[in-house]
Structure formats: structure tokens, C-alpha cells
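Student: Just dropping this structure here.
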Amino acid sequence: MPGIDGAVDRRRFLRTAAMLPVCLMTGGAWSAERGTAGGVCALDWTSAQALLSLGIAPRGLPELDRYRRSVIEPAVPDGVLDIGARAEPNLELLDRLAPARFVTDGMLSAVRGRLERIAPVTLYQSFDTRSDEDGRPGGQLAFAVASLRELAAGLGVPEAADRAVARLDRAMEEARARLSIREPRPLYVLSVLDGRRVLVHGRNSLYQDVLDRLGIENAWTGPSGPYGHATATMDRLAGRPDAGLVHIGSEGRRALESLAVLPLFAGLPFLREGRVTILPPILFYGGVPTAERFVRLLGEGLAPHHG
């Protein structure tokens with residue numbers, strides 16, 4: 001099987017590269033050597049994931065405890081500082097830290113001017129919310145790989161992106177090997193929101209690209225929004241009685257058990273027949289690190305009992 005890079009056709013690659021933000025390299029190429037003294041601060045979780053996947057421990061990142069509970073990987077080493085809320089970082093603390101650079105997903109545009117007075121700001125986007133919903137392999141994953149490579153080049157560590165993509169390729173191959181004897185079965189990939197509704201991932205999602213590369217059909221063929229998911233009631237999942245269900249989130253088992261006792265949902269085949277796999281939390285828009293975590297956990301979760 002080709003690696004992740006090799007799976008992208010030329011037209012898709014050029015389209016993806018053209019859509020990468022021009023300001024991703026704002027302030028010029030930043031070398032690891034020049035930035036050692038001040039370090040780099042991640043202003044959001046996807047930027048933190050990207051830096052950690054490149055082997056760069058950020059000086060600080062927001063909501064550190066929640067990252068460790070909800071994002072989990074890549075793991076944050078000891079000594080990284082909590083810089084406040086994602087929506088409202090502690091600017092006074094950032095000023096005292098005086099990092100060499102900030103990396104951000106762009107959601108803090110209201111305070112960008114204040115941030116730039118402290119250090120140069122690099123925009124990193126792991127998810128293409130402007131992409132179409134054609135559902136073809138290569139979309140979000142190709143964008144994520146290209147974005148990580150651009151970030152690594154801007155930070156002066158292009159070889160670190162090669163290693164991150166190679167880890168993802170290996171995880172894909174290992175998952176394919178684990179699932180090679182699994183009977184083909186479509187899957188719903190979702191998280192329960194409340195007593196009736198789920199967040200289900202479809203076209204234009206990062207999970208769709210991973211499923212495509214594993215040869216697994218996505219059971220959800222309904223519409224999906226800019227981040228590749230839709231909110232739906234559980235009864236809308238009755239259209240594929242042969243499907244299995246993959247739930248992502250720490251409350252998955254308890255949430256599904258609560259739904260399974262309700263008459264409206266008890267008859268859903270995947271609940272009635274136990275075709276359910278529970279995965280721990282995954283940040284669904286986190287790019288290459290998310291894809292690596294998802295494919296590894298999916299391969300481990302499905303292999304023992306799904307078929």
C-alpha cells in the first residue's frame with residue numbers, strides 16, 4: 001500500500017497546497033536553534049499536538065489539564081505551563097514568558113495584535129473547513145499532512161514531519177494487518193451528545209479518510225458540516241442494519257447503555273446485537289496526530305470482536 005503522501009493525486013495535492021494559509025510562514029523561517037532560548041507557545045490544542053508530534057515541547061499551552069484528559073496524545077511532558085483558557089489566554093503570563101514564537105489555529109484574531117507585540121505568530125490549520133464533501137480519499141488527511149510539513153519547514157525541522165508521517169503510515173499498516181480477517185462491515189463513527197442525539201462523522205471528516213484507507217465503509221451517508229460531522233437523532237441510524245458502531249469518548253459505554261434501555265432505540269441492531277466498540281477521547285480535527293491515534297485505537301478495538 002502507498003504511504004499517506006503517495007495516496008494524494010496531483011490535482012488534489014495542488015488544490016490542498018494552494019489553500020494553505022499564506023501567513024503560515026509569517027515572520028520567516030524559524031530555526032530550532034534560534035528559538036531555543038524563548039521556546040514556542042501553542043495557543044490551542046491542535047497547535048500543541050502538532051508541535052509535540054514534531055518533537056517540540058511547547059513552552060506553554062492552554063487548558064493543560066483538559067488537554068491531558070480530552071486530547072491525551074501526543075503526551076505533554078512535565079514542565080509545560082498552562083497559559084489559561086483557549087478562548088482567552090493569559091496575556092500577562094505570555095508577556096512574562098517572552099516566547100520566541102506563537103503557533104495558533106487563528107481563533108484568537110481579536111488579540112492577534114497584542115500577541116504580535118510579544119512574539120511572531122504562525123498560523124497552523126490542521127483541518128480544511130472549506131473543503132468540498134466529495135468524500136474522495138485524500139481530502140482532510142492530505143491537507144493535514146501538507147499543513148504539518150509546512151509548519152515543520154517554518155520551524156526549521158522538516159525531517160520531524162517526515163518522522164510523524166512515517167509513524168502514521170506504520171499505524172495504518174498495522175491496523176490493516178489487524179483487520180485483515182475482519183468481515184467487511186460498515187461503521188457509524190459517533191459520540192453521544194444527550195438522551196436522543198449523536199454527533200456522527202461523515203464525508204469531509206478526517207475519520208472518513210482513515211476509514212477509506214482501511215477499506216471500511218462509513219455507514220453515515222447523510223450530510224455533514226464544515227468539520228465533517230452532523231448532529232442526528234439515534235433513530236436516523238436505523239438505515240444500515242448491518243452496520244457496527246464506534247463510539248468515541250470517555251462516557252461512551254454509560255451513554256449507550258442508557259440509550260439501549262429506551263424503547264425507541266433498543267431495537268437498533270448494533271445495540272441489540274452488541275456490535276459496539278468504545279474508544280477513548282480523540283480530538284477529531286487534530287490532523288496527523290489525531291489520525292495516528294484514531295487508526296491505532298480503531299485497529300485495536302475492532303480486531304478482537306467485530307465481524
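To be explicit about the labels: the chains of the C-alpha cells are called A, B, and onward in the order shown, and within each one the residues are counted from 1, while ligands get numbers from 1 in the order they are shown.
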For range 95-112 of chain A, list every protein, DNA or RNA residue within 6 Å, evaluated using only C-alpha atoms, and leave out those in the same chain fewer than 6 positions away; present the list as a PyMOL selection string.
Tutor: chain A and resi 35+38-43+47+118-125
Student: Could you turn the residues from that selection into a file that holds N, CA, C and O atoms, as a PDB file, in the first residue's frame?
Tutor:
ATOM      1  N   GLY A  35      15.360  29.568  18.165  1.00  0.00           N
ATOM      2  CA  GLY A  35      14.236  29.703  19.072  1.00  0.00           C
ATOM      3  C   GLY A  35      14.398  28.973  20.383  1.00  0.00           C
ATOM      4  O   GLY A  35      13.485  28.952  21.182  1.00  0.00           O
ATOM      5  N   GLY A  38      13.776  31.187  23.981  1.00  0.00           N
ATOM      6  CA  GLY A  38      12.419  31.578  24.357  1.00  0.00           C
ATOM      7  C   GLY A  38      11.396  30.482  24.203  1.00  0.00           C
ATOM      8  O   GLY A  38      10.333  30.539  24.810  1.00  0.00           O
ATOM      9  N   GLY A  39      11.683  29.500  23.390  1.00  0.00           N
ATOM     10  CA  GLY A  39      10.726  28.429  23.139  1.00  0.00           C
ATOM     11  C   GLY A  39       9.552  28.924  22.305  1.00  0.00           C
ATOM     12  O   GLY A  39       9.510  30.058  21.839  1.00  0.00           O
ATOM     13  N   VAL A  40       8.594  28.043  22.120  1.00  0.00           N
ATOM     14  CA  VAL A  40       7.407  28.366  21.329  1.00  0.00           C
ATOM     15  C   VAL A  40       6.187  28.019  22.159  1.00  0.00           C
ATOM     16  O   VAL A  40       6.161  26.990  22.846  1.00  0.00           O
ATOM     17  N   CYS A  41       5.171  28.861  22.118  1.00  0.00           N
ATOM     18  CA  CYS A  41       3.925  28.618  22.849  1.00  0.00           C
ATOM     19  C   CYS A  41       2.828  28.221  21.864  1.00  0.00           C
ATOM     20  O   CYS A  41       2.671  28.852  20.812  1.00  0.00           O
ATOM     21  N   ALA A  42       2.079  27.192  22.209  1.00  0.00           N
ATOM     22  CA  ALA A  42       0.904  26.800  21.442  1.00  0.00           C
ATOM     23  C   ALA A  42      -0.312  27.477  22.058  1.00  0.00           C
ATOM     24  O   ALA A  42      -0.523  27.404  23.272  1.00  0.00           O
ATOM     25  N   LEU A  43      -1.119  28.124  21.240  1.00  0.00           N
ATOM     26  CA  LEU A  43      -2.277  28.852  21.747  1.00  0.00           C
ATOM     27  C   LEU A  43      -3.570  28.060  21.645  1.00  0.00           C
ATOM     28  O   LEU A  43      -4.639  28.579  21.986  1.00  0.00           O
ATOM     29  N   SER A  47      -2.489  23.081  17.696  1.00  0.00           N
ATOM     30  CA  SER A  47      -1.106  23.550  17.556  1.00  0.00           C
ATOM     31  C   SER A  47      -0.186  22.813  18.523  1.00  0.00           C
ATOM     32  O   SER A  47       0.952  22.467  18.181  1.00  0.00           O
ATOM     33  N   ILE A 118       4.361  40.632  21.410  1.00  0.00           N
ATOM     34  CA  ILE A 118       5.174  39.769  22.271  1.00  0.00           C
ATOM     35  C   ILE A 118       6.126  38.917  21.444  1.00  0.00           C
ATOM     36  O   ILE A 118       7.317  38.803  21.755  1.00  0.00           O
ATOM     37  N   ALA A 119       5.601  38.297  20.370  1.00  0.00           N
ATOM     38  CA  ALA A 119       6.416  37.398  19.542  1.00  0.00           C
ATOM     39  C   ALA A 119       5.722  37.205  18.200  1.00  0.00           C
ATOM     40  O   ALA A 119       4.510  37.420  18.080  1.00  0.00           O
ATOM     41  N   PRO A 120       6.452  36.775  17.171  1.00  0.00           N
ATOM     42  CA  PRO A 120       5.820  36.477  15.884  1.00  0.00           C
ATOM     43  C   PRO A 120       4.772  35.375  16.038  1.00  0.00           C
ATOM     44  O   PRO A 120       4.897  34.490  16.891  1.00  0.00           O
ATOM     45  N   VAL A 121       3.751  35.440  15.201  1.00  0.00           N
ATOM     46  CA  VAL A 121       2.638  34.497  15.262  1.00  0.00           C
ATOM     47  C   VAL A 121       2.596  33.674  13.977  1.00  0.00           C
ATOM     48  O   VAL A 121       2.572  34.229  12.878  1.00  0.00           O
ATOM     49  N   THR A 122       2.597  32.372  14.115  1.00  0.00           N
ATOM     50  CA  THR A 122       2.475  31.460  12.978  1.00  0.00           C
ATOM     51  C   THR A 122       1.099  30.807  13.011  1.00  0.00           C
ATOM     52  O   THR A 122       0.681  30.272  14.037  1.00  0.00           O
ATOM     53  N   LEU A 123       0.399  30.845  11.908  1.00  0.00           N
ATOM     54  CA  LEU A 123      -0.913  30.228  11.791  1.00  0.00           C
ATOM     55  C   LEU A 123      -0.765  28.793  11.313  1.00  0.00           C
ATOM     56  O   LEU A 123      -0.132  28.534  10.287  1.00  0.00           O
ATOM     57  N   TYR A 124      -1.340  27.870  12.063  1.00  0.00           N
ATOM     58  CA  TYR A 124      -1.322  26.449  11.695  1.00  0.00           C
ATOM     59  C   TYR A 124      -2.754  25.935  11.702  1.00  0.00           C
ATOM     60  O   TYR A 124      -3.449  26.025  12.721  1.00  0.00           O
ATOM     61  N   GLN A 125      -3.200  25.410  10.583  1.00  0.00           N
ATOM     62  CA  GLN A 125      -4.555  24.871  10.483  1.00  0.00           C
ATOM     63  C   GLN A 125      -4.489  23.405  10.084  1.00  0.00           C
ATOM     64  O   GLN A 125      -3.973  23.058   9.026  1.00  0.00           O
TER      65      GLN A 125
END
Student: Near Ser191 in chain A, counting only C-alpha atoms, which residues have an atom at most 9 Å away, once you skip same-chain residues fewer than 6 positions from it, shown as a PDB file with all heavy atoms, in the first residue's frame?
Tutor:
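What landed in part18.pdb:
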ATOM      1  N   ARG A 197     -29.602  12.499  20.901  1.00  0.00           N
ATOM      2  CA  ARG A 197     -28.805  12.952  19.766  1.00  0.00           C
ATOM      3  C   ARG A 197     -27.358  12.458  19.824  1.00  0.00           C
ATOM      4  O   ARG A 197     -26.806  12.248  20.903  1.00  0.00           O
ATOM      5  CB  ARG A 197     -28.814  14.479  19.694  1.00  0.00           C
ATOM      6  CG  ARG A 197     -30.190  15.109  19.555  1.00  0.00           C
ATOM      7  CD  ARG A 197     -30.069  16.619  19.576  1.00  0.00           C
ATOM      8  NE  ARG A 197     -29.344  17.055  20.769  1.00  0.00           N
ATOM      9  CZ  ARG A 197     -28.594  18.159  20.826  1.00  0.00           C
ATOM     10  NH1 ARG A 197     -28.467  18.926  19.767  1.00  0.00           N
ATOM     11  NH2 ARG A 197     -27.972  18.486  21.962  1.00  0.00           N
ATOM     12  N   VAL A 198     -26.791  12.314  18.627  1.00  0.00           N
ATOM     13  CA  VAL A 198     -25.390  11.924  18.490  1.00  0.00           C
ATOM     14  C   VAL A 198     -24.692  12.877  17.534  1.00  0.00           C
ATOM     15  O   VAL A 198     -25.323  13.524  16.690  1.00  0.00           O
ATOM     16  CB  VAL A 198     -25.244  10.470  17.973  1.00  0.00           C
ATOM     17  CG1 VAL A 198     -25.852   9.483  18.941  1.00  0.00           C
ATOM     18  CG2 VAL A 198     -25.863  10.316  16.579  1.00  0.00           C
ATOM     19  N   LEU A 199     -23.385  12.963  17.676  1.00  0.00           N
ATOM     20  CA  LEU A 199     -22.535  13.671  16.719  1.00  0.00           C
ATOM     21  C   LEU A 199     -21.911  12.599  15.844  1.00  0.00           C
ATOM     22  O   LEU A 199     -21.046  11.841  16.305  1.00  0.00           O
ATOM     23  CB  LEU A 199     -21.464  14.470  17.457  1.00  0.00           C
ATOM     24  CG  LEU A 199     -20.667  15.475  16.623  1.00  0.00           C
ATOM     25  CD1 LEU A 199     -21.522  16.700  16.311  1.00  0.00           C
ATOM     26  CD2 LEU A 199     -19.410  15.902  17.380  1.00  0.00           C
ATOM     27  N   VAL A 200     -22.342  12.509  14.598  1.00  0.00           N
ATOM     28  CA  VAL A 200     -21.908  11.426  13.719  1.00  0.00           C
ATOM     29  C   VAL A 200     -21.002  11.990  12.628  1.00  0.00           C
ATOM     30  O   VAL A 200     -21.271  13.054  12.058  1.00  0.00           O
ATOM     31  CB  VAL A 200     -23.115  10.668  13.112  1.00  0.00           C
ATOM     32  CG1 VAL A 200     -24.018  11.595  12.318  1.00  0.00           C
ATOM     33  CG2 VAL A 200     -22.657   9.481  12.275  1.00  0.00           C
ATOM     34  N   HIS A 201     -19.910  11.286  12.334  1.00  0.00           N
ATOM     35  CA  HIS A 201     -18.891  11.767  11.401  1.00  0.00           C
ATOM     36  C   HIS A 201     -19.105  11.155  10.019  1.00  0.00           C
ATOM     37  O   HIS A 201     -19.289   9.947   9.882  1.00  0.00           O
ATOM     38  CB  HIS A 201     -17.508  11.420  11.927  1.00  0.00           C
ATOM     39  CG  HIS A 201     -17.211  12.060  13.247  1.00  0.00           C
ATOM     40  ND1 HIS A 201     -16.679  13.320  13.365  1.00  0.00           N
ATOM     41  CD2 HIS A 201     -17.418  11.617  14.516  1.00  0.00           C
ATOM     42  CE1 HIS A 201     -16.560  13.634  14.654  1.00  0.00           C
ATOM     43  NE2 HIS A 201     -16.994  12.616  15.365  1.00  0.00           N
ATOM     44  N   VAL A 246     -18.986   2.667  16.303  1.00  0.00           N
ATOM     45  CA  VAL A 246     -17.789   3.047  17.039  1.00  0.00           C
ATOM     46  C   VAL A 246     -18.095   4.341  17.766  1.00  0.00           C
ATOM     47  O   VAL A 246     -18.387   5.358  17.139  1.00  0.00           O
ATOM     48  CB  VAL A 246     -16.580   3.229  16.103  1.00  0.00           C
ATOM     49  CG1 VAL A 246     -15.383   3.781  16.874  1.00  0.00           C
ATOM     50  CG2 VAL A 246     -16.219   1.913  15.429  1.00  0.00           C
ATOM     51  N   HIS A 247     -18.070   4.289  19.089  1.00  0.00           N
ATOM     52  CA  HIS A 247     -18.320   5.480  19.897  1.00  0.00           C
ATOM     53  C   HIS A 247     -17.003   6.020  20.415  1.00  0.00           C
ATOM     54  O   HIS A 247     -16.183   5.286  20.956  1.00  0.00           O
ATOM     55  CB  HIS A 247     -19.245   5.164  21.076  1.00  0.00           C
ATOM     56  CG  HIS A 247     -19.600   6.381  21.886  1.00  0.00           C
ATOM     57  ND1 HIS A 247     -18.729   6.969  22.766  1.00  0.00           N
ATOM     58  CD2 HIS A 247     -20.733   7.132  21.916  1.00  0.00           C
ATOM     59  CE1 HIS A 247     -19.300   8.027  23.314  1.00  0.00           C
ATOM     60  NE2 HIS A 247     -20.513   8.147  22.822  1.00  0.00           N
ATOM     61  N   ILE A 248     -16.815   7.339  20.270  1.00  0.00           N
ATOM     62  CA  ILE A 248     -15.597   7.994  20.738  1.00  0.00           C
ATOM     63  C   ILE A 248     -15.939   8.872  21.934  1.00  0.00           C
ATOM     64  O   ILE A 248     -16.822   9.728  21.860  1.00  0.00           O
ATOM     65  CB  ILE A 248     -14.963   8.834  19.615  1.00  0.00           C
ATOM     66  CG1 ILE A 248     -14.530   7.919  18.458  1.00  0.00           C
ATOM     67  CG2 ILE A 248     -13.773   9.625  20.145  1.00  0.00           C
ATOM     68  CD1 ILE A 248     -14.023   8.660  17.248  1.00  0.00           C
ATOM     69  N   GLY A 249     -15.254   8.644  23.047  1.00  0.00           N
ATOM     70  CA  GLY A 249     -15.479   9.474  24.221  1.00  0.00           C
ATOM     71  C   GLY A 249     -15.478   8.673  25.497  1.00  0.00           C
ATOM     72  O   GLY A 249     -15.819   7.482  25.511  1.00  0.00           O
ATOM     73  N   GLU A 251     -17.360   8.757  28.073  1.00  0.00           N
ATOM     74  CA  GLU A 251     -18.649   8.371  28.638  1.00  0.00           C
ATOM     75  C   GLU A 251     -19.418   7.431  27.707  1.00  0.00           C
ATOM     76  O   GLU A 251     -20.618   7.221  27.882  1.00  0.00           O
ATOM     77  CB  GLU A 251     -19.498   9.614  28.907  1.00  0.00           C
ATOM     78  CG  GLU A 251     -18.895  10.563  29.925  1.00  0.00           C
ATOM     79  CD  GLU A 251     -18.755   9.925  31.297  1.00  0.00           C
ATOM     80  OE1 GLU A 251     -19.710   9.250  31.732  1.00  0.00           O
ATOM     81  OE2 GLU A 251     -17.695  10.089  31.927  1.00  0.00           O
ATOM     82  N   GLY A 252     -18.740   6.859  26.738  1.00  0.00           N
ATOM     83  CA  GLY A 252     -19.422   6.086  25.706  1.00  0.00           C
ATOM     84  C   GLY A 252     -20.245   4.925  26.217  1.00  0.00           C
ATOM     85  O   GLY A 252     -21.423   4.788  25.877  1.00  0.00           O
TER      86      GLY A 252
END
Student: One number please: CA of Ala57 in chain A to CA of Leu141 in chain A, in Å, one decimal.
Tutor: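 Here the two named atoms are 23.5 Å from each other.
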Student: Closest to Leu302 in chain A among A:Val288, A:Ala230, A:Leu187, A:Leu61, using only C-alpha atoms?
Tutor: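 Nearest candidate to Leu302 in chain A out of A:Val288, A:Ala230, A:Leu187, A:Leu61: A:Leu187.
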Student: Might you pull out every residue within 12 Å of Ile216 in chain A, with only C-alpha atoms counted and same-chain residues fewer than 4 positions away left off, and present them as a PyMOL selection string?
Tutor: chain A and resi 137+175-176+179-180+182-189+207-212+220+243-244+295+298-299+302+307
Student: I'd like the contact shell of Pro223 in chain A - 8 Å cut-off, only C-alpha atoms, skipping same-chain residues fewer than 3 positions apart - returned as a PDB file with all heavy atoms, in the first residue's frame.
Tutor:
ATOM      1  N   GLY A 202     -19.060  12.021   9.017  1.00  0.00           N
ATOM      2  CA  GLY A 202     -19.318  11.561   7.653  1.00  0.00           C
ATOM      3  C   GLY A 202     -18.303  12.095   6.672  1.00  0.00           C
ATOM      4  O   GLY A 202     -17.107  12.199   6.955  1.00  0.00           O
ATOM      5  N   ARG A 203     -18.800  12.446   5.486  1.00  0.00           N
ATOM      6  CA  ARG A 203     -17.938  12.978   4.444  1.00  0.00           C
ATOM      7  C   ARG A 203     -17.261  14.256   4.933  1.00  0.00           C
ATOM      8  O   ARG A 203     -17.788  14.992   5.729  1.00  0.00           O
ATOM      9  CB  ARG A 203     -18.765  13.278   3.188  1.00  0.00           C
ATOM     10  CG  ARG A 203     -19.358  12.027   2.545  1.00  0.00           C
ATOM     11  CD  ARG A 203     -20.296  12.394   1.422  1.00  0.00           C
ATOM     12  NE  ARG A 203     -21.464  13.139   1.909  1.00  0.00           N
ATOM     13  CZ  ARG A 203     -22.432  13.589   1.124  1.00  0.00           C
ATOM     14  NH1 ARG A 203     -22.367  13.405  -0.189  1.00  0.00           N
ATOM     15  NH2 ARG A 203     -23.466  14.229   1.634  1.00  0.00           N
ATOM     16  N   HIS A 229     -18.965  16.556  10.409  1.00  0.00           N
ATOM     17  CA  HIS A 229     -19.901  15.837  11.266  1.00  0.00           C
ATOM     18  C   HIS A 229     -21.285  16.467  11.205  1.00  0.00           C
ATOM     19  O   HIS A 229     -21.462  17.576  10.709  1.00  0.00           O
ATOM     20  CB  HIS A 229     -19.400  15.776  12.719  1.00  0.00           C
ATOM     21  CG  HIS A 229     -19.186  17.128  13.344  1.00  0.00           C
ATOM     22  ND1 HIS A 229     -20.204  18.025  13.593  1.00  0.00           N
ATOM     23  CD2 HIS A 229     -18.052  17.734  13.781  1.00  0.00           C
ATOM     24  CE1 HIS A 229     -19.725  19.111  14.149  1.00  0.00           C
ATOM     25  NE2 HIS A 229     -18.419  18.970  14.271  1.00  0.00           N
ATOM     26  N   ALA A 230     -22.259  15.724  11.711  1.00  0.00           N
ATOM     27  CA  ALA A 230     -23.640  16.201  11.762  1.00  0.00           C
ATOM     28  C   ALA A 230     -24.251  15.777  13.084  1.00  0.00           C
ATOM     29  O   ALA A 230     -23.844  14.777  13.685  1.00  0.00           O
ATOM     30  CB  ALA A 230     -24.454  15.623  10.604  1.00  0.00           C
TER      31      ALA A 230
END
Student: Hey, what's within 10 Å of range 158-170 of chain A if we count only C-alpha atoms and toss same-chain stuff fewer than 4 positions away? As an NGL selection string, please?
Tutor: :A and (1-5 or 50-56 or 145-154 or 174-176 or 288-293 or 295-296)
Student: Can you list every residue in range 62-164 of chain A that DSSP puts in helix (DSSP H, G or I), as a PyMOL selection string?
Tutor: chain A and resi 64-70+91-97+109-118+139-154+158-164
Student: One decimal, in Å: what's the spacing between CA of Gly228 in chain A and CA of Glu257 in chain A?
Tutor: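 Pair CA of Gly228 in chain A / CA of Glu257 in chain A returns 26.0 Å.
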